[in-house]
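So this block is upload25.tsv, TSV, C-alpha atoms:
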```
chain	number	residue	atom	x	y	z
A	1	MET	CA	26.53	-15.51	-9.52
A	2	SER	CA	22.82	-15.84	-10.25
A	3	GLN	CA	20.62	-13.78	-7.92
A	4	THR	CA	17.05	-12.67	-7.38
A	5	LEU	CA	16.20	-8.95	-7.45
A	6	SER	CA	16.40	-8.47	-3.68
A	7	GLU	CA	19.71	-10.36	-3.56
A	8	GLN	CA	21.09	-8.06	-6.27
A	9	ILE	CA	19.95	-4.94	-4.41
A	10	LEU	CA	21.32	-6.07	-1.06
A	11	SER	CA	24.58	-7.26	-2.63
A	12	HIS	CA	25.06	-3.87	-4.25
A	13	ALA	CA	24.43	-2.11	-0.93
A	14	ALA	CA	26.65	-4.49	1.05
A	15	GLY	CA	29.51	-4.28	-1.43
A	16	ARG	CA	29.74	-8.07	-1.72
A	17	PRO	CA	27.68	-10.96	-3.09
A	18	VAL	CA	25.03	-12.14	-0.62
A	19	ARG	CA	22.84	-15.21	-0.40
A	20	PRO	CA	19.60	-15.97	1.46
A	21	GLY	CA	20.29	-16.30	5.18
A	22	ASP	CA	23.29	-13.98	5.20
A	23	LEU	CA	23.28	-11.19	7.76
A	24	VAL	CA	24.16	-7.83	6.24
A	25	ILE	CA	24.61	-4.28	7.46
A	26	VAL	CA	23.55	-1.81	4.79
A	27	ARG	CA	22.92	1.89	4.40
A	28	PRO	CA	19.32	2.50	3.30
A	29	ASP	CA	18.95	5.08	0.56
A	30	VAL	CA	15.73	6.41	2.07
A	31	VAL	CA	14.30	6.22	5.60
A	32	MET	CA	10.63	7.18	5.93
A	33	GLY	CA	8.80	8.12	9.13
A	34	HIS	CA	5.10	8.99	9.44
A	35	ASP	CA	3.16	11.02	11.96
A	36	SER	CA	1.88	8.17	14.13
A	37	LEU	CA	5.36	6.85	15.05
A	38	THR	CA	7.82	9.68	14.46
A	39	PRO	CA	7.35	11.20	17.95
A	40	SER	CA	8.30	7.90	19.59
A	41	MET	CA	11.32	7.59	17.30
A	42	ILE	CA	12.48	11.06	18.30
A	43	GLU	CA	12.23	10.01	21.94
A	44	ILE	CA	14.10	6.74	21.33
A	45	MET	CA	16.94	8.45	19.50
A	46	ARG	CA	17.38	11.36	21.87
A	47	ASP	CA	16.39	9.95	25.26
A	48	GLN	CA	17.20	6.23	25.03
A	49	LEU	CA	20.12	6.27	22.61
A	50	GLY	CA	21.42	9.63	23.79
A	51	VAL	CA	21.92	10.86	20.21
A	52	PRO	CA	20.81	14.49	19.86
A	53	HIS	CA	20.72	14.71	16.06
A	54	VAL	CA	20.19	12.46	13.07
A	55	LEU	CA	23.35	11.41	11.26
A	56	ASP	CA	22.23	12.27	7.72
A	57	PRO	CA	19.15	14.47	7.23
A	58	ASP	CA	19.23	13.87	3.47
A	59	GLN	CA	18.59	10.17	4.08
A	60	LEU	CA	15.31	10.87	5.89
A	61	VAL	CA	11.78	11.71	4.79
A	62	LEU	CA	8.89	12.53	7.14
A	63	VAL	CA	5.24	12.39	6.10
A	64	ILE	CA	2.12	13.47	7.97
A	65	ASP	CA	-0.49	11.16	6.48
A	66	HIS	CA	-2.08	8.86	9.06
A	67	VAL	CA	-4.26	11.44	10.82
A	68	ALA	CA	-4.17	14.34	8.40
A	69	PRO	CA	-5.45	16.88	9.17
A	70	ALA	CA	-5.24	16.56	12.95
A	71	THR	CA	-8.43	15.53	14.75
A	72	SER	CA	-7.66	16.72	18.27
A	73	VAL	CA	-5.50	19.14	20.21
A	74	ALA	CA	-3.24	16.28	21.28
A	75	THR	CA	-2.77	15.15	17.68
A	76	ALA	CA	-2.17	18.71	16.51
A	77	ASN	CA	0.50	19.21	19.17
A	78	THR	CA	2.18	15.95	18.21
A	79	GLN	CA	2.27	16.94	14.56
A	80	ASN	CA	3.69	20.35	15.45
A	81	THR	CA	6.48	18.51	17.26
A	82	ILE	CA	7.23	16.66	14.02
A	83	ARG	CA	7.25	19.89	12.03
A	84	ALA	CA	9.66	21.51	14.49
A	85	PHE	CA	11.91	18.43	14.46
A	86	ALA	CA	12.02	18.40	10.65
A	87	GLN	CA	12.95	22.09	10.57
A	88	GLU	CA	15.62	21.73	13.26
A	89	GLU	CA	17.22	18.71	11.59
A	90	GLY	CA	16.82	19.81	7.97
A	91	ILE	CA	14.67	16.80	7.05
A	92	ARG	CA	12.30	16.71	4.09
A	93	LEU	CA	8.71	16.91	5.30
A	94	PHE	CA	5.52	16.27	3.35
A	95	ASP	CA	2.79	17.85	5.43
A	96	ALA	CA	-0.89	17.02	5.92
A	97	GLY	CA	-2.78	16.87	2.64
A	98	ARG	CA	0.16	15.88	0.44
A	99	GLY	CA	-0.85	12.25	0.69
A	100	ILE	CA	0.11	8.78	1.82
A	101	ALA	CA	3.86	8.27	2.20
A	102	HIS	CA	4.00	5.24	-0.09
A	103	GLN	CA	2.29	7.16	-2.88
A	104	VAL	CA	4.20	10.41	-2.34
A	105	LEU	CA	7.68	8.85	-2.36
A	106	VAL	CA	6.94	7.24	-5.71
A	107	GLU	CA	5.46	10.42	-7.17
A	108	GLU	CA	8.42	12.49	-6.01
A	109	GLY	CA	10.93	10.02	-7.46
A	110	ILE	CA	12.39	9.41	-4.00
A	111	ALA	CA	11.78	5.67	-4.30
A	112	GLN	CA	13.78	4.39	-7.26
A	113	PRO	CA	14.68	1.01	-8.84
A	114	GLY	CA	17.54	-0.68	-7.02
A	115	LYS	CA	17.29	1.53	-3.92
A	116	ILE	CA	16.71	0.36	-0.35
A	117	VAL	CA	13.74	2.22	1.13
A	118	VAL	CA	12.80	1.45	4.73
A	119	GLY	CA	9.98	2.97	6.70
A	120	SER	CA	8.15	2.97	10.00
A	121	ASP	CA	5.10	1.49	8.31
A	122	SER	CA	4.55	-2.12	7.29
A	123	HIS	CA	3.26	-1.15	3.86
A	124	SER	CA	6.67	0.27	2.96
A	125	CYS	CA	6.94	-2.88	0.86
A	126	GLY	CA	4.90	-0.87	-1.66
A	127	TYR	CA	8.10	0.76	-2.90
A	128	GLY	CA	8.80	-2.54	-4.61
A	129	SER	CA	6.34	-1.37	-7.26
A	130	VAL	CA	9.21	0.54	-8.88
A	131	GLY	CA	11.82	-2.16	-8.31
A	132	ALA	CA	13.12	-0.93	-4.94
A	133	PHE	CA	13.73	-3.11	-1.89
A	134	GLY	CA	11.03	-1.58	0.31
A	135	SER	CA	10.42	-2.87	3.81
A	136	GLY	CA	8.82	-1.81	7.08
A	137	PHE	CA	10.70	-1.75	10.39
A	138	GLY	CA	9.81	-0.96	14.00
A	139	SER	CA	10.35	2.38	15.72
A	140	THR	CA	13.57	1.32	17.46
A	141	ASP	CA	15.09	0.06	14.20
A	142	ILE	CA	14.27	3.30	12.41
A	143	ALA	CA	15.60	5.42	15.29
A	144	LEU	CA	18.86	3.46	15.07
A	145	VAL	CA	19.09	4.27	11.36
A	146	TRP	CA	18.55	7.93	12.18
A	147	ALA	CA	21.46	7.74	14.61
A	148	THR	CA	23.86	5.54	12.63
A	149	GLY	CA	22.76	5.68	9.00
A	150	GLN	CA	22.73	1.87	8.86
A	151	ILE	CA	20.45	-1.10	9.44
A	152	TRP	CA	21.03	-4.83	9.66
A	153	LEU	CA	18.86	-7.55	8.21
A	154	ARG	CA	18.88	-11.14	7.09
A	155	VAL	CA	18.85	-11.65	3.34
A	156	PRO	CA	15.43	-13.16	2.56
A	157	GLU	CA	14.65	-16.07	0.31
A	158	THR	CA	12.50	-15.20	-2.70
A	159	LEU	CA	9.12	-16.62	-3.66
A	160	ARG	CA	8.26	-16.16	-7.33
A	161	VAL	CA	4.68	-15.43	-8.36
A	162	LEU	CA	4.26	-16.22	-12.05
A	163	VAL	CA	1.22	-14.54	-13.60
A	164	THR	CA	-0.28	-15.72	-16.88
A	165	GLY	CA	-3.21	-14.43	-18.94
A	166	ARG	CA	-5.05	-11.11	-18.66
A	167	PHE	CA	-7.78	-9.74	-16.43
A	168	ARG	CA	-11.30	-10.26	-17.69
A	169	PRO	CA	-13.94	-7.50	-17.43
A	170	GLY	CA	-14.93	-6.86	-13.81
A	171	VAL	CA	-11.67	-8.32	-12.45
A	172	ASP	CA	-8.52	-6.35	-11.63
A	173	VAL	CA	-5.19	-6.43	-9.80
A	174	LYS	CA	-6.82	-6.22	-6.35
A	175	ASP	CA	-8.45	-9.57	-7.09
A	176	LEU	CA	-5.01	-10.97	-7.89
A	177	ALA	CA	-3.65	-9.66	-4.57
A	178	LEU	CA	-6.56	-11.19	-2.66
A	179	LYS	CA	-6.22	-14.47	-4.56
A	180	LEU	CA	-2.60	-14.68	-3.39
A	181	CYS	CA	-3.74	-14.06	0.19
A	182	ARG	CA	-6.25	-16.88	-0.25
A	183	ASP	CA	-3.76	-19.35	-1.69
A	184	LEU	CA	-0.67	-18.50	0.36
A	185	THR	CA	-2.32	-17.31	3.63
A	186	ILE	CA	-0.99	-14.56	5.89
A	187	GLU	CA	2.02	-16.72	6.78
A	188	GLY	CA	2.72	-18.00	3.29
A	189	ALA	CA	5.71	-15.79	2.57
A	190	THR	CA	7.00	-15.04	6.06
A	191	TYR	CA	10.31	-13.12	5.85
A	192	GLU	CA	10.58	-13.76	2.12
A	193	THR	CA	10.71	-11.41	-0.83
A	194	ILE	CA	7.93	-11.91	-3.34
A	195	GLU	CA	8.83	-11.31	-6.99
A	196	TYR	CA	5.87	-10.83	-9.34
A	197	HIS	CA	6.67	-12.07	-12.84
A	198	GLY	CA	4.68	-11.95	-16.07
A	199	LEU	CA	3.41	-8.40	-15.48
A	200	ASP	CA	5.56	-6.35	-17.82
A	201	TRP	CA	2.31	-4.95	-19.23
A	202	LEU	CA	0.89	-3.86	-15.86
A	203	PRO	CA	0.62	-0.07	-15.26
A	204	LEU	CA	2.32	1.44	-12.22
A	205	PRO	CA	-0.86	1.85	-10.11
A	206	GLY	CA	-1.53	-1.88	-10.39
A	207	ARG	CA	2.04	-2.65	-9.38
A	208	GLN	CA	1.59	-0.43	-6.32
A	209	THR	CA	-1.55	-2.33	-5.32
A	210	LEU	CA	0.24	-5.64	-5.62
A	211	ALA	CA	3.47	-4.66	-3.87
A	212	SER	CA	1.70	-2.94	-0.97
A	213	MET	CA	-0.10	-6.16	-0.09
A	214	ALA	CA	3.03	-8.32	0.00
A	215	VAL	CA	3.20	-7.75	3.75
A	216	GLU	CA	-0.27	-9.28	4.13
A	217	LEU	CA	1.42	-12.55	3.16
A	218	GLY	CA	4.10	-12.05	5.81
A	219	ALA	CA	6.69	-10.94	3.26
A	220	LYS	CA	9.70	-8.79	4.06
A	221	ALA	CA	9.49	-7.18	0.63
A	222	GLY	CA	7.52	-7.42	-2.59
A	223	ILE	CA	9.16	-6.47	-5.89
A	224	VAL	CA	7.73	-6.11	-9.36
A	225	PRO	CA	10.61	-6.21	-11.88
A	226	PRO	CA	11.22	-2.65	-13.15
A	227	THR	CA	10.15	-3.29	-16.72
A	228	GLY	CA	7.50	-1.74	-18.97
A	229	VAL	CA	6.20	1.62	-17.75
A	230	VAL	CA	8.60	1.66	-14.79
A	231	ALA	CA	11.61	1.31	-17.10
A	232	GLU	CA	10.17	4.18	-19.14
A	233	GLN	CA	9.56	6.49	-16.17
A	234	PHE	CA	12.51	5.63	-13.89
A	235	THR	CA	16.23	5.01	-14.31
A	236	VAL	CA	16.93	1.31	-13.84
A	237	PRO	CA	20.58	0.49	-12.97
A	238	ASP	CA	22.34	-1.86	-15.39
A	239	TRP	CA	23.05	-4.38	-12.63
A	240	LEU	CA	19.34	-4.84	-11.75
A	241	TYR	CA	17.59	-7.36	-13.98
A	242	VAL	CA	15.67	-10.62	-13.86
A	243	ASP	CA	18.31	-13.35	-13.92
A	244	PRO	CA	16.91	-16.47	-15.65
A	245	ASP	CA	19.14	-18.65	-13.47
A	246	ALA	CA	18.06	-17.12	-10.14
A	247	GLN	CA	17.01	-19.59	-7.46
A	248	TYR	CA	13.59	-19.23	-5.83
A	249	SER	CA	12.21	-20.94	-2.75
A	250	ARG	CA	9.21	-21.92	-4.87
A	251	THR	CA	7.00	-20.67	-7.70
A	252	VAL	CA	3.27	-20.01	-7.47
A	253	THR	CA	1.32	-19.60	-10.73
A	254	VAL	CA	-1.88	-17.59	-11.11
A	255	ASP	CA	-3.93	-17.65	-14.33
A	256	LEU	CA	-5.75	-14.35	-14.78
A	257	ASP	CA	-7.95	-15.83	-17.50
A	258	THR	CA	-9.79	-17.86	-14.87
A	259	LEU	CA	-9.68	-15.39	-11.98
A	260	GLU	CA	-13.01	-14.40	-10.43
A	261	PRO	CA	-13.67	-11.31	-8.26
A	262	GLN	CA	-12.38	-12.04	-4.76
A	263	VAL	CA	-13.59	-10.83	-1.35
A	264	ALA	CA	-11.84	-11.15	2.01
A	265	LYS	CA	-14.32	-11.81	4.82
A	266	PRO	CA	-13.95	-10.48	8.38
A	267	ASN	CA	-11.59	-10.66	10.25
A	268	SER	CA	-8.58	-11.89	8.27
A	269	VAL	CA	-7.00	-10.89	4.98
A	270	ASP	CA	-6.64	-14.53	3.98
A	271	ALA	CA	-10.30	-15.40	4.62
A	272	VAL	CA	-10.84	-14.92	0.90
A	273	VAL	CA	-13.64	-16.41	-1.17
A	274	ASP	CA	-15.13	-15.94	-4.61
A	275	LEU	CA	-17.50	-12.98	-4.55
A	276	SER	CA	-20.46	-15.27	-5.20
A	277	GLU	CA	-20.09	-16.78	-1.70
A	278	VAL	CA	-20.79	-13.47	0.04
A	279	GLN	CA	-22.93	-11.82	-2.62
A	280	GLY	CA	-25.98	-10.13	-1.12
A	281	THR	CA	-24.39	-9.30	2.24
A	282	GLU	CA	-25.79	-5.94	3.37
A	283	VAL	CA	-23.32	-3.12	4.07
A	284	SER	CA	-23.60	0.33	5.63
A	285	VAL	CA	-20.25	1.75	4.50
A	286	VAL	CA	-18.18	1.57	1.32
A	287	PHE	CA	-14.61	2.90	1.50
A	288	LEU	CA	-12.56	3.74	-1.58
A	289	GLY	CA	-8.95	4.69	-0.82
A	290	THR	CA	-5.67	3.73	0.95
A	291	CYS	CA	-2.17	3.09	-0.39
A	292	THR	CA	-3.64	0.01	-2.04
A	293	ASN	CA	-6.52	1.52	-4.02
A	294	GLY	CA	-6.68	5.29	-3.65
A	295	ARG	CA	-5.18	6.34	-6.96
A	296	TYR	CA	-6.79	8.18	-9.88
A	297	GLN	CA	-7.32	4.98	-11.85
A	298	ASP	CA	-9.30	3.52	-8.94
A	299	LEU	CA	-11.39	6.66	-8.52
A	300	ARG	CA	-11.99	6.86	-12.25
A	301	ALA	CA	-13.11	3.24	-12.52
A	302	VAL	CA	-15.66	3.76	-9.76
A	303	ALA	CA	-16.83	7.08	-11.23
A	304	ASP	CA	-17.36	5.48	-14.63
A	305	PHE	CA	-19.45	2.78	-12.99
A	306	LEU	CA	-21.57	5.20	-10.95
A	307	ARG	CA	-22.04	7.90	-13.58
A	308	GLY	CA	-25.68	8.95	-13.67
A	309	ARG	CA	-26.52	6.74	-10.69
A	310	ARG	CA	-26.94	7.26	-6.94
A	311	ILE	CA	-25.56	5.10	-4.17
A	312	ALA	CA	-28.13	3.08	-2.24
A	313	PRO	CA	-30.13	4.75	0.56
A	314	GLY	CA	-28.57	4.07	3.96
A	315	VAL	CA	-25.07	3.56	2.51
A	316	ARG	CA	-22.22	5.94	3.30
A	317	MET	CA	-19.53	5.96	0.63
A	318	MET	CA	-16.23	7.51	1.70
A	319	VAL	CA	-13.58	8.40	-0.88
A	320	THR	CA	-10.02	9.27	0.20
A	321	PRO	CA	-7.48	9.91	-2.60
A	322	ALA	CA	-3.99	8.58	-1.97
A	323	SER	CA	-2.33	11.92	-2.67
A	324	ALA	CA	-2.91	15.53	-3.65
A	325	GLN	CA	-1.65	14.73	-7.15
A	326	GLU	CA	-4.16	11.91	-7.55
A	327	MET	CA	-6.92	14.19	-6.26
A	328	GLU	CA	-5.88	16.89	-8.74
A	329	LYS	CA	-6.10	14.40	-11.60
A	330	ALA	CA	-9.60	13.42	-10.49
A	331	ALA	CA	-10.60	17.08	-10.20
A	332	ALA	CA	-9.24	17.92	-13.66
A	333	ASP	CA	-11.95	15.85	-15.34
A	334	ASP	CA	-15.39	14.83	-14.08
A	335	THR	CA	-14.18	12.01	-11.79
A	336	LEU	CA	-14.65	13.80	-8.46
A	337	ALA	CA	-17.82	15.52	-9.61
A	338	THR	CA	-19.32	12.19	-10.65
A	339	LEU	CA	-18.48	10.58	-7.30
A	340	LEU	CA	-19.97	13.50	-5.39
A	341	GLN	CA	-23.10	13.53	-7.57
A	342	ALA	CA	-23.51	9.83	-6.80
A	343	GLY	CA	-23.54	10.64	-3.08
A	344	ALA	CA	-19.95	9.93	-2.04
A	345	VAL	CA	-18.19	11.89	0.72
A	346	LEU	CA	-14.71	13.17	-0.15
A	347	GLY	CA	-11.92	13.15	2.45
A	348	SER	CA	-8.52	14.84	2.40
A	349	ALA	CA	-5.64	13.03	0.73
A	350	GLY	CA	-4.05	10.60	3.16
A	351	CYS	CA	-4.75	7.36	4.96
A	352	GLY	CA	-8.28	8.40	5.89
A	353	PRO	CA	-10.38	5.86	7.83
A	354	CYS	CA	-8.06	2.95	7.00
A	355	MET	CA	-6.78	2.67	10.58
A	356	GLY	CA	-9.97	3.87	12.24
A	357	ARG	CA	-8.81	7.17	13.68
A	358	HIS	CA	-10.71	9.72	11.60
A	359	GLN	CA	-12.69	10.60	8.46
A	360	GLY	CA	-15.16	7.74	8.80
A	361	THR	CA	-14.49	5.63	11.87
A	362	LEU	CA	-16.79	2.58	12.01
A	363	GLY	CA	-19.34	2.11	14.77
A	364	ASP	CA	-20.52	-1.08	16.45
A	365	ALA	CA	-23.16	-2.05	13.90
A	366	ASP	CA	-21.30	-1.00	10.76
A	367	VAL	CA	-20.49	-3.40	7.96
A	368	CYS	CA	-17.91	-1.98	5.57
A	369	LEU	CA	-16.81	-3.02	2.09
A	370	SER	CA	-13.31	-1.54	1.82
A	371	THR	CA	-10.75	-1.35	-0.96
A	372	GLY	CA	-8.04	-1.25	1.72
A	373	ASN	CA	-5.53	-3.88	2.69
A	374	ARG	CA	-6.54	-5.00	6.20
A	375	ASN	CA	-9.75	-6.12	7.82
A	376	PHE	CA	-8.80	-7.43	11.24
A	377	ARG	CA	-11.11	-6.77	14.15
A	378	GLY	CA	-11.19	-3.09	15.11
A	379	ARG	CA	-8.99	-1.99	12.22
A	380	MET	CA	-11.34	0.80	11.14
A	381	GLY	CA	-12.94	1.57	14.49
A	382	SER	CA	-15.25	-0.50	16.65
A	383	PRO	CA	-14.17	-4.11	17.23
A	384	LYS	CA	-17.84	-4.99	16.75
A	385	SER	CA	-17.85	-3.69	13.18
A	386	GLN	CA	-17.16	-5.94	10.19
A	387	ILE	CA	-14.85	-5.28	7.25
A	388	TYR	CA	-14.84	-6.98	3.86
A	389	LEU	CA	-12.02	-6.30	1.37
A	390	ALA	CA	-12.56	-6.12	-2.36
A	391	SER	CA	-11.66	-4.28	-5.57
A	392	PRO	CA	-12.81	-0.78	-6.55
A	393	LEU	CA	-15.26	-2.23	-9.06
A	394	VAL	CA	-16.85	-4.45	-6.42
A	395	ALA	CA	-16.96	-1.40	-4.15
A	396	ALA	CA	-18.79	0.57	-6.84
A	397	ALA	CA	-21.36	-2.16	-7.40
A	398	THR	CA	-21.84	-2.59	-3.66
A	399	ALA	CA	-22.35	1.14	-3.10
A	400	LEU	CA	-25.00	1.13	-5.79
A	401	THR	CA	-27.04	-1.71	-4.30
A	402	GLY	CA	-26.23	-1.59	-0.58
A	403	ARG	CA	-25.24	-5.25	-0.76
A	404	ILE	CA	-22.01	-6.94	-1.82
A	405	SER	CA	-22.56	-7.15	-5.56
A	406	ASP	CA	-20.87	-8.41	-8.71
A	407	PRO	CA	-19.98	-5.52	-11.06
A	408	ARG	CA	-20.24	-7.86	-14.02
A	409	GLU	CA	-23.95	-8.33	-13.36
A	410	LEU	CA	-24.75	-4.63	-13.02
A	411	GLY	CA	-22.51	-3.22	-15.72
A	412	SER	CA	-21.58	0.41	-16.32
A	413	PRO	CA	-24.29	2.77	-17.58
A	414	ALA	CA	-24.30	3.44	-21.32
```
Would it be possible to restate this file's structure as structure tokens?
Amino acid sequence: MSQTLSEQILSHAAGRPVRPGDLVIVRPDVVMGHDSLTPSMIEIMRDQLGVPHVLDPDQLVLVIDHVAPATSVATANTQNTIRAFAQEEGIRLFDAGRGIAHQVLVEEGIAQPGKIVVGSDSHSCGYGSVGAFGSGFGSTDIALVWATGQIWLRVPETLRVLVTGRFRPGVDVKDLALKLCRDLTIEGATYETIEYHGLDWLPLPGRQTLASMAVELGAKAGIVPPTGVVAEQFTVPDWLYVDPDAQYSRTVTVDLDTLEPQVAKPNSVDAVVDLSEVQGTEVSVVFLGTCTNGRYQDLRAVADFLRGRRIAPGVRMMVTPASAQEMEKAAADDTLATLLQAGAVLGSAGCGPCMGRHQGTLGDADVCLSTGNRNFRGRMGSPKSQIYLASPLVAAATALTGRISDPRELGSPA
């Protein structure tokens, strides 16, 4: 029976062959909860479901990453509740400063090829970067998994993205992700799995960028086949492979040889245009970070661009590494020092200002060029602010000039 990657994973978990549209009850291998929603899930499980304890503590992972460290007494008390719950139940906890859940679970080897990883965050689809079926669910769904160890879902159809060519200078995987948002729109893959083919050569950080933004297309999951570096770093089960006879709902082809830098305009992720259409737009804030673009490779690319230069007067550049490990890599060489010398402000590892709650909340008049994944109204603070999405290289060029700029025109210093 020919199957797509998500069909293979769900069939293995269900113990029988499944097809798109089938309803299945499966046991997730990993269930992630973060600080913003875990308190409500505790309440749902204990007060609404009447279940005093989780069924399987080893199945669960808790991460304090959304507002880390705490910004108020109320937030601190909430996070202490999570810490106490984790200790009482014997649940793995990654505390404030360790980093964003989607980065940490990959670094720790908790997310693995062929596993089902669900989380209380929509960007849980990022676990597909290592060939897992990663998907976000609501608080009630996750509380039910805590109580029962199981979850039900409908087997999604699969959309294949076929990538050809290679990135040209000044263009990277974030531009590919934004190009897909432009072509498919935010509803283009609703409740589908996206499989990204033709990227056996792509390093893991690029795969994480791509998979994390699958949800911006409405997808249930986004999976990069576990080949190349992932096959070298992780154990891929024999039953998980790209079946040449698998059936896809459709195939979308993107030629990297012709891809230009892309920018998403306020206030929608699919309001994407070539950079040239918004070039020159003045900004007050540049944000480098998130589960989409907060890794060492992103920080290094920006540091290389800014070395020996200063960001433009009147521009605030915020840098938030995705994890403590990524921050340590950047501290081990001159990456962090170069960013700080250029005038950037360094935040603690975590989600940072992505959701507008701390470490750089936007005010009414702010215009931000962000390397994040969402730009809807009020996402990073004031609903009167404006957010543009772009790649780290575009962010570097924009920080240097104070206007949305093309990195290919400015170039890196000699």
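Interatomic distance, atom CA of Arg374 of chain A to atom CA of Leu346 of chain A: 20.9 Å.
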What gap, in Å, lies between atom CA of Gln112 of chain A and atom CA of Ala132 of chain A?
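Separation of atom CA of Gln112 of chain A and atom CA of Ala132 of chain A: 5.8 Å.
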To one decimal in Å, tell me the separation between atom CA of Val345 of chain A and atom CA of Ala214 of chain A.
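Atom CA of Ala214 of chain A lies at a distance of 29.3 Å from atom CA of Val345 of chain A.
Minimum atom-to-atom distance to Leu259 of chain A, evaluated using all atoms listed in the file, belongs to A:Arg168 out of A:Arg27, A:His123, A:Lys384, A:Arg168.
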Rank nothing, just name the residue among A:Met45, A:Ala70, A:Ile387, A:Ile9 nearest to Gly128 of chain A, using only C-alpha atoms.
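Of A:Met45, A:Ala70, A:Ile387, A:Ile9, the one nearest Gly128 of chain A, counting only C-alpha atoms, is A:Ile9.
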If you count only C-alpha atoms, which residues fall within 10 Å of segment 319-329 of chain A, apart from same-chain ones fewer than 4 positions away, as an MDAnalysis selection string?
chainID A and resid 65 96:104 107 286:300 333:336 339:340 344:354 359:360
As JSON, please: the centre and edge lengths in Å, to one decimal, of an axis-aligned box enclosing every listed atom of segment 88-105 of chain A with 3 Å added on each side.
```
{"center_x": 7.2, "center_y": 13.5, "center_z": 5.2, "size_x": 26.0, "size_y": 22.5, "size_z": 22.1}
```
Give me the residues of segment 191-222 of chain A that have any atom at most 10 Å from an atom of segment 250-253 of chain A; for each, the nearest atom pair and the distance in Å, rounded to one decimal. Use all atoms listed in the file, sort by chain and number, and format it as a Markdown table.
```
| residue | atom | partner | partner_atom | distance |
| --- | --- | --- | --- | --- |
| A:Ile194 | CA | A:Thr251 | CA | 9.8 |
| A:Glu195 | CA | A:Thr251 | CA | 9.6 |
| A:Tyr196 | CA | A:Val252 | CA | 9.7 |
| A:His197 | CA | A:Thr253 | CA | 9.5 |
| A:Gly198 | CA | A:Thr253 | CA | 9.9 |
```
Which is closer to Gln48 of chain A than all the others in A:Ser72, A:Thr140, A:Ser135, A:Ser36, using only C-alpha atoms?
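So, comparing all the options, the nearest one is A:Thr140.
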